[in-house]
$ cat query.cif   # mmCIF, C-alpha atoms
data_query
#
loop_
_atom_site.label_atom_id
_atom_site.label_comp_id
_atom_site.auth_asym_id
_atom_site.auth_seq_id
_atom_site.Cartn_x
_atom_site.Cartn_y
_atom_site.Cartn_z
CA MET N 1 0.00 0.00 0.00
CA ILE N 2 1.38 3.42 -0.95
CA GLN N 3 0.22 6.10 1.43
CA ILE N 4 0.37 9.77 0.49
CA SER N 5 -0.43 11.96 3.48
CA ASP N 6 -1.00 15.68 3.87
CA LEU N 7 1.09 16.83 0.88
CA THR N 8 1.32 20.58 0.55
CA LEU N 9 3.12 22.36 -2.28
CA SER N 10 2.95 25.95 -3.52
CA TYR N 11 4.59 27.69 -6.45
CA GLY N 12 4.95 31.19 -5.05
CA GLU N 13 1.46 32.35 -4.15
CA LYS N 14 -0.23 29.51 -6.01
CA ARG N 15 -1.05 26.50 -3.83
CA VAL N 16 -1.20 23.36 -5.96
CA LEU N 17 -1.41 20.74 -3.22
CA ASP N 18 -3.06 21.58 0.08
CA HIS N 19 -2.82 18.79 2.66
CA PHE N 20 -3.64 16.26 -0.06
CA SER N 21 -3.87 12.58 0.92
CA LEU N 22 -4.29 9.46 -1.20
CA THR N 23 -3.88 5.70 -0.89
CA VAL N 24 -2.68 3.68 -3.88
CA PRO N 25 -3.39 -0.08 -3.63
CA GLU N 26 -0.54 -2.60 -4.06
CA GLU N 27 -1.90 -3.76 -7.38
CA GLY N 28 -4.02 -2.69 -10.31
CA ILE N 29 -4.46 0.55 -12.19
CA THR N 30 -5.53 3.69 -10.37
CA VAL N 31 -6.60 6.53 -12.63
CA LEU N 32 -6.38 10.15 -11.54
CA SER N 33 -9.07 11.96 -13.46
CA GLY N 34 -9.52 15.70 -13.42
CA PRO N 35 -9.31 18.87 -15.49
CA SER N 36 -6.01 20.10 -16.91
CA GLY N 37 -3.97 22.11 -14.42
CA CYS N 38 -5.70 20.72 -11.34
CA GLY N 39 -2.41 19.37 -9.95
CA LYS N 40 -2.26 15.72 -11.09
CA THR N 41 1.16 16.13 -12.69
CA THR N 42 2.51 17.94 -9.62
CA LEU N 43 1.29 15.10 -7.41
CA MET N 44 3.06 12.53 -9.61
CA ARG N 45 6.23 14.63 -9.67
CA CYS N 46 6.17 14.73 -5.85
CA ILE N 47 5.88 10.94 -5.67
CA ALA N 48 8.77 10.60 -8.17
CA GLY N 49 10.89 12.94 -6.05
CA LEU N 50 11.09 15.60 -8.77
CA GLU N 51 9.28 18.19 -6.64
CA LYS N 52 9.85 18.68 -2.94
CA PRO N 53 6.59 19.27 -1.07
CA GLN N 54 6.66 21.83 1.71
CA SER N 55 5.00 19.34 4.05
CA GLY N 56 3.53 15.86 4.12
CA SER N 57 4.88 12.37 3.56
CA ILE N 58 4.89 9.50 1.07
CA ASN N 59 5.18 6.01 2.52
CA GLY N 60 5.47 2.62 0.84
CA VAL N 61 7.59 3.74 -2.10
CA SER N 62 10.73 5.83 -2.51
CA PRO N 63 11.43 8.01 -5.57
CA ARG N 64 14.14 5.53 -6.67
CA GLU N 65 11.50 2.80 -6.85
CA THR N 66 9.22 4.67 -9.26
CA ALA N 67 9.21 4.64 -13.05
CA VAL N 68 7.85 7.83 -14.54
CA LEU N 69 6.32 8.50 -17.91
CA PHE N 70 6.43 12.27 -18.29
CA GLN N 71 3.64 14.28 -19.86
CA GLU N 72 6.08 15.02 -22.71
CA ASN N 73 7.71 12.12 -24.56
CA ARG N 74 11.26 13.28 -23.81
CA LEU N 75 12.79 10.97 -26.41
CA PHE N 76 16.39 11.38 -27.56
CA PRO N 77 16.38 12.49 -31.23
CA TRP N 78 19.76 10.77 -31.64
CA ARG N 79 18.70 7.31 -30.37
CA THR N 80 16.75 4.63 -32.20
CA ALA N 81 13.66 3.00 -30.68
CA GLU N 82 15.66 -0.04 -29.58
CA GLN N 83 18.45 2.09 -28.15
CA HIS N 84 15.87 3.93 -26.00
CA LEU N 85 15.04 0.60 -24.38
CA LEU N 86 18.68 -0.48 -24.05
CA ASP N 87 19.44 2.84 -22.32
CA VAL N 88 17.24 1.94 -19.34
CA LEU N 89 17.70 -1.84 -19.20
CA PRO N 90 20.50 -3.26 -17.05
CA LYS N 91 23.06 -5.42 -18.88
CA ALA N 92 21.51 -8.67 -17.69
CA ARG N 93 18.09 -7.71 -19.13
CA ARG N 94 19.21 -6.30 -22.50
CA GLY N 95 17.52 -9.12 -24.33
CA GLU N 96 14.16 -7.75 -23.19
CA ALA N 97 14.33 -4.69 -25.46
CA GLY N 98 12.43 -6.44 -28.24
CA LEU N 99 9.76 -7.68 -25.83
CA TRP N 100 9.01 -4.20 -24.51
CA LEU N 101 8.82 -2.86 -28.06
CA ALA N 102 6.45 -5.69 -28.99
CA LEU N 103 4.32 -4.95 -25.91
CA VAL N 104 3.56 -1.46 -27.26
CA GLY N 105 3.30 -2.64 -30.88
CA LEU N 106 6.59 -1.18 -32.09
CA GLU N 107 8.43 -4.42 -32.87
CA GLY N 108 8.86 -3.34 -36.50
CA GLU N 109 10.39 0.02 -35.59
CA LYS N 110 13.57 -1.11 -33.81
CA SER N 111 15.89 1.00 -35.95
CA ALA N 112 13.59 4.01 -36.32
CA TYR N 113 14.58 7.38 -34.89
CA PRO N 114 11.85 9.37 -33.12
CA SER N 115 11.62 11.78 -36.06
CA ALA N 116 10.41 8.88 -38.22
CA LEU N 117 7.63 7.91 -35.78
CA SER N 118 4.09 9.28 -35.61
CA GLY N 119 2.82 11.08 -32.49
CA GLY N 120 1.12 7.97 -31.14
CA MET N 121 4.16 5.79 -31.84
CA LYS N 122 6.44 8.22 -30.03
CA ARG N 123 4.11 8.10 -27.04
CA ARG N 124 4.14 4.30 -27.06
CA LEU N 125 7.95 4.28 -27.28
CA ALA N 126 8.16 6.62 -24.27
CA LEU N 127 5.71 4.31 -22.45
CA ALA N 128 7.77 1.21 -23.30
CA ARG N 129 10.90 2.90 -21.97
CA ALA N 130 9.20 3.81 -18.68
CA LEU N 131 7.81 0.28 -18.30
CA ALA N 132 11.21 -1.29 -19.08
CA LEU N 133 12.83 0.88 -16.41
CA GLY N 134 10.64 -0.90 -13.85
CA GLY N 135 10.11 -0.25 -10.16
CA LYS N 136 7.59 -0.65 -7.35
CA LEU N 137 5.20 1.92 -8.83
CA TYR N 138 4.55 3.16 -12.36
CA LEU N 139 3.64 6.85 -12.60
CA LEU N 140 2.19 7.45 -16.06
CA ASP N 141 1.17 10.99 -16.95
CA GLU N 142 -1.31 10.95 -19.85
CA PRO N 143 0.19 7.76 -21.32
CA PHE N 144 -2.31 7.36 -24.16
CA THR N 145 -2.17 10.77 -25.85
CA GLY N 146 -2.50 10.15 -29.59
CA VAL N 147 -3.04 6.39 -29.14
CA ASP N 148 -6.11 4.80 -30.78
CA GLY N 149 -8.87 3.01 -28.82
CA GLU N 150 -7.98 -0.57 -29.76
CA ARG N 151 -4.36 0.01 -28.81
CA ILE N 152 -5.42 1.60 -25.49
CA LYS N 153 -7.40 -1.56 -24.64
CA ALA N 154 -4.39 -3.76 -25.41
CA LEU N 155 -2.03 -1.54 -23.45
CA MET N 156 -4.33 -1.37 -20.41
CA ALA N 157 -4.50 -5.19 -20.43
CA ALA N 158 -0.70 -5.34 -20.67
CA LEU N 159 -0.35 -2.89 -17.76
CA LYS N 160 -2.65 -5.05 -15.63
CA GLY N 161 -0.54 -8.07 -16.49
CA LEU N 162 2.66 -6.46 -15.20
CA GLY N 163 1.65 -7.03 -11.56
CA THR N 164 3.01 -3.65 -10.48
CA PRO N 165 0.71 -0.88 -9.21
CA VAL N 166 0.08 1.83 -11.79
CA LEU N 167 -0.97 5.39 -11.01
CA LEU N 168 -1.93 7.16 -14.20
CA SER N 169 -3.62 10.36 -15.20
CA SER N 170 -5.97 10.42 -18.14
CA HIS N 171 -8.87 12.35 -19.64
CA GLU N 172 -9.98 9.37 -21.76
CA GLU N 173 -13.35 7.85 -20.87
CA LEU N 174 -12.13 4.51 -22.25
CA VAL N 175 -9.15 4.49 -19.86
CA ARG N 176 -11.39 5.27 -16.89
CA SER N 177 -13.74 2.43 -17.86
CA LEU N 178 -10.87 -0.06 -18.02
CA ALA N 179 -9.19 1.01 -14.74
CA ASP N 180 -9.46 -0.83 -11.44
CA ARG N 181 -10.04 2.41 -9.58
CA VAL N 182 -10.83 5.98 -10.63
CA ILE N 183 -10.21 8.99 -8.39
CA PRO N 184 -12.07 12.06 -9.66
CA LEU N 185 -10.11 15.19 -8.80
CA ASP N 186 -10.52 18.92 -8.97
CA GLY N 187 -8.35 21.92 -8.26
CA PRO N 188 -6.05 23.66 -7.82
CA PRO N 189 -5.42 23.05 -5.05
CA LEU N 190 -5.88 19.37 -5.81
CA ARG N 191 -8.79 17.75 -4.01
CA ALA N 192 -11.06 14.71 -4.40
CA ARG N 193 -14.29 15.59 -6.18
CA MET Q 1 18.86 12.80 -62.06
CA GLY Q 2 18.13 14.54 -65.38
CA ARG Q 3 20.83 15.99 -67.65
CA SER Q 4 19.68 19.55 -66.99
CA ASN Q 5 19.96 18.94 -63.26
CA VAL Q 6 23.53 17.66 -63.60
CA LEU Q 7 24.40 20.70 -65.70
CA LYS Q 8 22.79 23.00 -63.12
CA LYS Q 9 24.74 21.34 -60.30
CA CYS Q 10 28.01 21.66 -62.26
CA ILE Q 11 27.35 25.35 -62.92
CA HIS Q 12 26.53 25.95 -59.22
CA LEU Q 13 29.72 24.15 -58.21
CA LEU Q 14 32.12 25.60 -60.75
CA LEU Q 15 30.85 29.11 -61.35
CA PRO Q 16 32.10 30.77 -58.12
CA PRO Q 17 35.70 29.43 -58.35
CA ALA Q 18 35.75 30.13 -62.10
CA PHE Q 19 34.62 33.71 -61.45
CA TRP Q 20 37.33 34.33 -58.83
CA LEU Q 21 40.03 32.65 -60.93
CA GLY Q 22 38.99 34.91 -63.81
CA ALA Q 23 39.19 37.95 -61.53
CA TRP Q 24 42.67 36.84 -60.38
CA GLN Q 25 43.79 36.30 -63.98
CA LEU Q 26 42.48 39.74 -64.96
CA GLY Q 27 44.17 41.37 -61.95
CA ALA Q 28 47.50 39.72 -62.81
CA PHE Q 29 47.11 40.83 -66.43
CA LEU Q 30 46.47 44.45 -65.37
CA VAL Q 31 49.52 44.36 -63.09
CA GLU Q 32 51.64 43.07 -65.99
CA LEU Q 33 50.26 45.85 -68.18
CA HIS Q 34 50.97 48.70 -65.77
CA VAL Q 35 54.03 47.63 -63.76
CA GLU Q 36 57.34 47.43 -65.55
CA GLY Q 37 60.01 44.72 -65.18
CA ARG Q 38 59.19 41.77 -62.84
CA GLY Q 39 56.13 43.55 -61.44
CA ASN Q 40 53.85 40.70 -62.37
CA GLU Q 41 56.04 38.06 -60.72
CA LEU Q 42 56.58 40.19 -57.60
CA LEU Q 43 53.12 41.60 -56.94
CA LEU Q 44 50.51 39.26 -58.37
CA PRO Q 45 51.53 36.15 -60.32
CA TYR Q 46 49.13 34.44 -62.75
CA PRO Q 47 47.12 31.48 -61.41
CA LEU Q 48 48.96 29.16 -63.80
CA THR Q 49 52.35 30.36 -62.48
CA VAL Q 50 51.20 29.57 -58.94
CA LEU Q 51 49.94 26.14 -60.01
CA LEU Q 52 53.30 25.38 -61.66
CA ALA Q 53 55.12 26.55 -58.51
CA LEU Q 54 52.89 24.28 -56.41
CA ILE Q 55 53.62 21.29 -58.68
CA ARG Q 56 57.37 22.02 -58.47
CA LEU Q 57 57.19 22.28 -54.65
CA ILE Q 58 55.26 19.03 -54.33
CA GLN Q 59 57.96 17.24 -56.32
CA GLU Q 60 60.68 18.44 -53.93
CA PRO Q 61 61.57 15.77 -51.33
CA ALA Q 62 61.44 18.25 -48.42
CA PHE Q 63 57.86 19.37 -49.22
CA TRP Q 64 55.99 16.53 -47.48
CA GLY Q 65 58.21 16.70 -44.39
CA THR Q 66 57.60 20.45 -44.12
CA ALA Q 67 53.84 20.17 -44.64
CA PHE Q 68 53.55 17.20 -42.26
CA THR Q 69 55.54 18.90 -39.50
CA SER Q 70 53.37 22.03 -39.67
CA LEU Q 71 50.25 19.86 -39.77
CA LEU Q 72 51.45 18.00 -36.68
CA ARG Q 73 52.30 21.18 -34.79
CA ILE Q 74 49.03 22.92 -35.56
CA GLY Q 75 47.01 19.73 -35.10
CA ALA Q 76 48.56 19.21 -31.66
CA GLY Q 77 47.82 22.82 -30.71
CA MET Q 78 44.28 22.52 -32.00
CA ALA Q 79 43.69 19.23 -30.13
CA ALA Q 80 45.04 20.72 -26.90
CA GLY Q 81 42.87 23.83 -27.38
CA VAL Q 82 39.74 21.74 -27.99
CA VAL Q 83 40.34 19.45 -24.98
CA LEU Q 84 41.28 22.30 -22.64
CA GLY Q 85 38.50 24.58 -23.93
CA GLY Q 86 35.95 21.77 -23.47
CA ALA Q 87 37.21 20.93 -19.97
CA LEU Q 88 37.20 24.59 -18.91
CA ALA Q 89 33.67 24.99 -20.31
CA GLY Q 90 32.60 22.02 -18.18
CA LEU Q 91 34.13 23.64 -15.10
CA THR Q 92 32.56 27.01 -15.99
CA CYS Q 93 29.10 25.46 -16.07
CA ALA Q 94 29.66 23.27 -13.03
CA SER Q 95 30.81 25.92 -10.58
CA PHE Q 96 29.94 29.56 -10.01
CA TRP Q 97 33.47 30.37 -8.79
CA CYS Q 98 35.13 28.64 -11.74
CA ARG Q 99 32.98 30.81 -14.01
CA ARG Q 100 33.97 33.97 -12.11
CA LEU Q 101 37.64 33.00 -12.28
CA LEU Q 102 37.82 31.76 -15.87
CA ALA Q 103 35.58 34.16 -17.79
CA PRO Q 104 37.85 37.25 -17.49
CA VAL Q 105 41.00 35.25 -18.33
CA ILE Q 106 39.43 33.87 -21.48
CA ARG Q 107 38.21 37.32 -22.48
CA ILE Q 108 41.78 38.61 -22.05
CA ILE Q 109 43.17 35.76 -24.19
CA ARG Q 110 40.63 36.61 -26.89
CA ALA Q 111 41.46 40.33 -26.86
CA THR Q 112 45.28 39.99 -26.75
CA PRO Q 113 46.95 40.52 -30.15
CA VAL Q 114 48.33 37.28 -31.54
CA ALA Q 115 51.72 38.95 -32.22
CA SER Q 116 52.11 39.72 -28.50
CA PHE Q 117 51.41 36.10 -27.65
CA ILE Q 118 53.86 34.85 -30.28
CA LEU Q 119 56.70 36.99 -28.95
CA LEU Q 120 55.89 36.16 -25.31
CA VAL Q 121 55.72 32.42 -25.95
CA LEU Q 122 58.94 32.66 -27.96
CA LEU Q 123 60.59 34.17 -24.87
CA TRP Q 124 59.22 31.43 -22.62
CA THR Q 125 59.68 28.35 -24.83
CA GLY Q 126 61.71 27.15 -27.81
CA ARG Q 127 60.87 28.31 -31.34
CA ASN Q 128 59.57 24.86 -32.29
CA GLN Q 129 56.86 24.93 -29.62
CA VAL Q 130 55.49 28.40 -30.39
CA PRO Q 131 53.16 27.51 -33.32
CA ALA Q 132 51.45 24.72 -31.36
CA VAL Q 133 51.03 26.85 -28.23
CA ILE Q 134 49.69 29.79 -30.24
CA SER Q 135 47.24 27.61 -32.19
CA GLY Q 136 45.97 26.14 -28.92
CA LEU Q 137 45.61 29.58 -27.35
CA MET Q 138 43.60 30.89 -30.29
CA VAL Q 139 41.33 27.83 -30.37
CA LEU Q 140 40.67 27.70 -26.62
CA PRO Q 141 38.33 30.74 -26.27
CA VAL Q 142 36.26 29.72 -29.32
CA VAL Q 143 35.76 26.18 -28.03
CA TRP Q 144 35.16 27.38 -24.47
CA GLU Q 145 32.47 29.81 -25.57
CA ASN Q 146 30.66 27.37 -27.87
CA VAL Q 147 30.78 24.45 -25.47
CA THR Q 148 29.65 26.62 -22.56
CA GLN Q 149 26.72 27.79 -24.66
CA GLY Q 150 26.01 24.18 -25.67
CA ILE Q 151 26.01 22.91 -22.08
CA ARG Q 152 23.70 25.73 -21.01
CA SER Q 153 21.33 25.01 -23.89
CA THR Q 154 21.03 21.29 -23.11
CA ASP Q 155 17.34 20.43 -22.84
CA PRO Q 156 16.45 20.58 -19.11
CA GLN Q 157 13.64 18.07 -19.69
CA LEU Q 158 16.14 15.47 -20.92
CA LEU Q 159 18.39 16.18 -17.95
CA GLU Q 160 15.42 15.73 -15.60
CA LEU Q 161 14.59 12.46 -17.35
CA ALA Q 162 18.20 11.29 -16.86
CA ARG Q 163 17.84 12.05 -13.14
CA ALA Q 164 14.42 10.38 -12.85
CA TYR Q 165 15.66 7.31 -14.76
CA ARG Q 166 18.68 7.06 -12.46
CA PHE Q 167 21.32 7.48 -15.19
CA SER Q 168 24.86 7.66 -13.88
CA ARG Q 169 26.80 10.90 -14.45
CA ARG Q 170 28.81 9.18 -17.18
CA LYS Q 171 25.68 7.91 -18.92
CA THR Q 172 24.10 11.38 -18.74
CA VAL Q 173 27.18 12.89 -20.38
CA ARG Q 174 27.18 10.20 -23.10
CA LEU Q 175 23.46 10.16 -23.83
CA VAL Q 176 22.39 13.74 -23.17
CA TYR Q 177 25.26 16.24 -23.04
CA LEU Q 178 27.52 14.97 -25.85
CA PRO Q 179 24.82 14.64 -28.54
CA SER Q 180 23.39 18.03 -27.51
CA LEU Q 181 26.86 19.56 -27.80
CA THR Q 182 27.58 18.16 -31.27
CA PRO Q 183 26.26 21.17 -33.26
CA TYR Q 184 28.07 23.59 -30.95
CA LEU Q 185 31.33 21.62 -31.21
CA LEU Q 186 31.01 21.48 -35.00
CA SER Q 187 30.54 25.22 -35.18
CA ALA Q 188 33.51 25.74 -32.82
CA VAL Q 189 35.76 23.42 -34.82
CA THR Q 190 34.90 25.14 -38.11
CA THR Q 191 35.75 28.56 -36.71
CA ALA Q 192 38.72 27.38 -34.66
CA MET Q 193 40.36 25.45 -37.50
CA GLY Q 194 40.85 28.59 -39.60
CA LEU Q 195 42.14 30.46 -36.55
CA ALA Q 196 44.55 27.66 -35.60
CA TRP Q 197 46.13 27.64 -39.06
CA LYS Q 198 46.27 31.44 -39.39
CA SER Q 199 47.87 31.94 -36.00
CA GLY Q 200 50.08 28.83 -36.22
CA VAL Q 201 51.53 29.81 -39.60
CA ALA Q 202 51.95 33.43 -38.42
CA ALA Q 203 53.93 32.05 -35.46
CA GLU Q 204 56.07 29.99 -37.85
CA VAL Q 205 56.72 33.07 -40.02
CA LEU Q 206 57.93 35.00 -36.97
CA CYS Q 207 59.78 32.19 -35.15
CA LEU Q 208 61.16 30.28 -38.16
CA PRO Q 209 61.06 26.72 -36.82
CA ARG Q 210 62.58 24.08 -39.13
CA PRO Q 211 60.94 22.60 -41.04
CA GLY Q 212 57.74 24.66 -41.26
CA ILE Q 213 55.36 26.11 -43.84
CA GLY Q 214 55.65 29.55 -42.20
CA THR Q 215 59.44 29.37 -42.50
CA GLU Q 216 59.07 28.56 -46.21
CA ILE Q 217 56.63 31.47 -46.64
CA ASN Q 218 59.14 33.77 -44.97
CA GLN Q 219 61.94 32.53 -47.24
CA ALA Q 220 59.76 32.97 -50.33
CA LYS Q 221 59.10 36.56 -49.25
CA GLN Q 222 62.83 37.22 -48.63
CA ALA Q 223 63.68 35.82 -52.08
CA PHE Q 224 60.78 37.74 -53.75
CA GLU Q 225 59.35 34.39 -54.92
CA THR Q 226 55.73 35.50 -54.77
CA ALA Q 227 54.50 32.46 -56.71
CA ASP Q 228 56.03 30.19 -54.02
CA LEU Q 229 54.39 32.31 -51.33
CA PHE Q 230 51.02 31.83 -53.04
CA ALA Q 231 51.69 28.09 -53.48
CA TRP Q 232 52.52 27.56 -49.77
CA THR Q 233 49.41 29.57 -48.85
CA ALA Q 234 47.36 27.24 -51.04
CA VAL Q 235 48.89 24.29 -49.16
CA VAL Q 236 47.82 25.85 -45.84
CA ILE Q 237 44.27 26.36 -47.12
CA LEU Q 238 44.06 22.77 -48.36
CA LEU Q 239 45.41 21.29 -45.13
CA SER Q 240 43.05 23.46 -43.06
CA LEU Q 241 40.03 22.34 -45.08
CA LEU Q 242 41.07 18.69 -44.88
CA MET Q 243 41.55 18.85 -41.12
CA GLU Q 244 38.23 20.67 -40.68
CA ARG Q 245 36.39 18.00 -42.63
CA GLY Q 246 38.11 15.15 -40.78
CA LEU Q 247 37.40 16.63 -37.35
CA SER Q 248 33.76 17.43 -38.22
CA ARG Q 249 33.21 13.80 -39.26
CA LEU Q 250 34.83 12.53 -36.08
CA ILE Q 251 32.63 14.76 -33.88
CA GLN Q 252 29.50 13.75 -35.76
CA ARG Q 253 30.35 10.08 -35.30
CA LYS Q 254 31.32 10.30 -31.63
CA GLY Q 255 28.59 12.75 -30.66
CA GLY Q 256 25.72 10.62 -31.91
CA VAL Q 257 24.34 10.55 -35.42
CA TYR Q 258 21.22 12.55 -36.03
CA PRO Q 259 18.72 11.03 -38.43
CA PRO Q 260 18.26 13.11 -41.56
#
$ encode --input "query.cif" --output "structure tokens"
Amino acid sequence: MIQISDLTLSYGEKRVLDHFSLTVPEEGITVLSGPSGCGKTTLMRCIAGLEKPQSGSINGVSPRETAVLFQENRLFPWRTAEQHLLDVLPKARRGEAGLWLALVGLEGEKSAYPSALSGGMKRRLALARALALGGKLYLLDEPFTGVDGERIKALMAALKGLGTPVLLSSHEELVRSLADRVIPLDGPPLRAR
Amino acid sequence: MGRSNVLKKCIHLLLPPAFWLGAWQLGAFLVELHVEGRGNELLLPYPLTVLLALIRLIQEPAFWGTAFTSLLRIGAGMAAGVVLGGALAGLTCASFWCRRLLAPVIRIIRATPVASFILLVLLWTGRNQVPAVISGLMVLPVVWENVTQGIRSTDPQLLELARAYRFSRRKTVRLVYLPSLTPYLLSAVTTAMGLAWKSGVAAEVLCLPRPGIGTEINQAKQAFETADLFAWTAVVILLSLLMERGLSRLIQRKGGVYPP
């Protein structure tokens, strides 16, 4: 169980998190659903250790045990799809690169550079890289932007099969319907609706 | 590719050098017309005379030794300037105090006349070392400035990703910094290469190391062999272009290949 308690974070005068608490179960997909700018990304960044909250605590997972998919793809223009996977895989698991690419339906794009991929393919490559990195908790910020419905269904099934808890943010109705748990949010400051 | 396209490409490629060779030929002709005696040979020889002088020089056994020694000296200076400039740029970006300490020194190096440096270095070291030291000194500020700019322009989102994905410092340098720096390094090398050759040969002309292209240029001037002076200058230009191309390819390969 990952317990987020009383997180507070402000950017100057703007309070994004105000004593926000949340429990993420040990398994399954938890979807954070709320309007843009309500603070979902900030919450995920706090859990990943990329933002330091002014108060509060996160128990059950450390930042080093998370694997983040950022809201932006953040791909390296100078690395091929396969190299993106090899960059995050330890030496002993290098053989898995092809499997992760196949999981997101990019097995035929091993040697492609990001500039040769469509928007949805880039997103799937970024997702595969985050999944390959591994950890005790996946933090996926809008993972299905530009991905078609059929592919979303397949990817959600694959995420469930990983056996690692997933906390993801999404506006997609389809994603919410396939999740194990949906937390409707509002803000800022972020609060349960 | 169609025939008209090939013709167009040939015209684009050959027209500018043909124009300037024509202008040179005309200039030499006008000098011959208006200056009496050996005026043409002394002031502005014909392109063909220079080409013949170059062919004669190439056939001399000492030519390759002279050209290779200068290439080695200036190449060593250039390499030292690139390595030192890159390392100092790294320090400049890593520490506030390094930046405060280094920035004024590099500005002073950039503003100091090359002749002052040549004479100072000649006082401090042997004549054979001066061209390499001077080339390095001229290259250093250019590389420092470009690499510093490159490091500062590295995408902060990629650096954050490297941190979040637990990349080691070495991996971050290899996967994020070096490929991001490639265009800046290429620009630095292109500018620095010309500077290294100009200053290195100027140092050779003043310090007369043996063998050396600058020493040969000086001798050609003393003997009023203007065609030889032009021929050695052409050698310098060729070597500079060759080195620039070689280094650019090396940086592109080591820094990560961009897809087209």
$ residues_around --input "query.cif" --residues "range 179-189 of chain Q" --least-positions-apart "5" --cutoff "7 Å" --atoms "only C-alpha atoms" --output "count of residues only"
13
$ interface_residues --input "query.cif" --of "chain Q" --to "chain N" --cutoff "12 Å" --atoms "only C-alpha atoms" --output "PyMOL selection string"
chain Q and resi 154-168+171-172+174-182+252-260
$ write_last_selection --input "query.cif" --atoms "C-alpha atoms" --output "short mmCIF file (atom, residue, chain, number, x, y, z; two decimals), keeping the file's coordinate frame"
data_model
loop_
_atom_site.label_atom_id
_atom_site.label_comp_id
_atom_site.auth_asym_id
_atom_site.auth_seq_id
_atom_site.Cartn_x
_atom_site.Cartn_y
_atom_site.Cartn_z
CA THR Q 154 21.03 21.29 -23.11
CA ASP Q 155 17.34 20.43 -22.84
CA PRO Q 156 16.45 20.58 -19.11
CA GLN Q 157 13.64 18.07 -19.69
CA LEU Q 158 16.14 15.47 -20.92
CA LEU Q 159 18.39 16.18 -17.95
CA GLU Q 160 15.42 15.73 -15.60
CA LEU Q 161 14.59 12.46 -17.35
CA ALA Q 162 18.20 11.29 -16.86
CA ARG Q 163 17.84 12.05 -13.14
CA ALA Q 164 14.42 10.38 -12.85
CA TYR Q 165 15.66 7.31 -14.76
CA ARG Q 166 18.68 7.06 -12.46
CA PHE Q 167 21.32 7.48 -15.19
CA SER Q 168 24.86 7.66 -13.88
CA LYS Q 171 25.68 7.91 -18.92
CA THR Q 172 24.10 11.38 -18.74
CA ARG Q 174 27.18 10.20 -23.10
CA LEU Q 175 23.46 10.16 -23.83
CA VAL Q 176 22.39 13.74 -23.17
CA TYR Q 177 25.26 16.24 -23.04
CA LEU Q 178 27.52 14.97 -25.85
CA PRO Q 179 24.82 14.64 -28.54
CA SER Q 180 23.39 18.03 -27.51
CA LEU Q 181 26.86 19.56 -27.80
CA THR Q 182 27.58 18.16 -31.27
CA GLN Q 252 29.50 13.75 -35.76
CA ARG Q 253 30.35 10.08 -35.30
CA LYS Q 254 31.32 10.30 -31.63
CA GLY Q 255 28.59 12.75 -30.66
CA GLY Q 256 25.72 10.62 -31.91
CA VAL Q 257 24.34 10.55 -35.42
CA TYR Q 258 21.22 12.55 -36.03
CA PRO Q 259 18.72 11.03 -38.43
CA PRO Q 260 18.26 13.11 -41.56
#
$ axis_aligned_box --input "query.cif" --around "range 41-54 of chain N" --padding-each-side "5 Å" --output "AutoDock Vina command-line options"
--center_x 6.1 --center_y 16.2 --center_z -5.5 --size_x 19.9 --size_y 21.2 --size_z 24.4
$ resolve_selection --input "query.cif" --expression "the PyMOL selection byres ((chain N and resi 171-185) around 8)" --output "PDB file with C-alpha atoms, keeping the file's coordinate frame"
ATOM      1  CA  GLY N  28      -4.020  -2.690 -10.310  1.00  0.00           C
ATOM      2  CA  ILE N  29      -4.460   0.550 -12.190  1.00  0.00           C
ATOM      3  CA  THR N  30      -5.530   3.690 -10.370  1.00  0.00           C
ATOM      4  CA  VAL N  31      -6.600   6.530 -12.630  1.00  0.00           C
ATOM      5  CA  LEU N  32      -6.380  10.150 -11.540  1.00  0.00           C
ATOM      6  CA  SER N  33      -9.070  11.960 -13.460  1.00  0.00           C
ATOM      7  CA  GLY N  34      -9.520  15.700 -13.420  1.00  0.00           C
ATOM      8  CA  PRO N  35      -9.310  18.870 -15.490  1.00  0.00           C
ATOM      9  CA  CYS N  38      -5.700  20.720 -11.340  1.00  0.00           C
ATOM     10  CA  GLU N 142      -1.310  10.950 -19.850  1.00  0.00           C
ATOM     11  CA  GLY N 149      -8.870   3.010 -28.820  1.00  0.00           C
ATOM     12  CA  ILE N 152      -5.420   1.600 -25.490  1.00  0.00           C
ATOM     13  CA  LYS N 153      -7.400  -1.560 -24.640  1.00  0.00           C
ATOM     14  CA  MET N 156      -4.330  -1.370 -20.410  1.00  0.00           C
ATOM     15  CA  SER N 169      -3.620  10.360 -15.200  1.00  0.00           C
ATOM     16  CA  SER N 170      -5.970  10.420 -18.140  1.00  0.00           C
ATOM     17  CA  ASP N 186     -10.520  18.920  -8.970  1.00  0.00           C
ATOM     18  CA  GLY N 187      -8.350  21.920  -8.260  1.00  0.00           C
ATOM     19  CA  LEU N 190      -5.880  19.370  -5.810  1.00  0.00           C
ATOM     20  CA  ARG N 191      -8.790  17.750  -4.010  1.00  0.00           C
ATOM     21  CA  ALA N 192     -11.060  14.710  -4.400  1.00  0.00           C
ATOM     22  CA  ARG N 193     -14.290  15.590  -6.180  1.00  0.00           C
TER      23      ARG N 193
END
$ resolve_selection --input "query.cif" --expression "the PyMOL selection byres ((chain Q and resi 89-91) around 6)" --output "compact mmCIF listing (two decimals) with C-alpha atoms, in the coordinates of the input"
# COMPACT_ATOMS: atom_id res chain seq x y z
CA GLY Q 86 35.95 21.77 -23.47
CA ALA Q 87 37.21 20.93 -19.97
CA LEU Q 88 37.20 24.59 -18.91
CA THR Q 92 32.56 27.01 -15.99
CA CYS Q 93 29.10 25.46 -16.07
CA ALA Q 94 29.66 23.27 -13.03
CA TRP Q 144 35.16 27.38 -24.47
CA VAL Q 147 30.78 24.45 -25.47
CA THR Q 148 29.65 26.62 -22.56
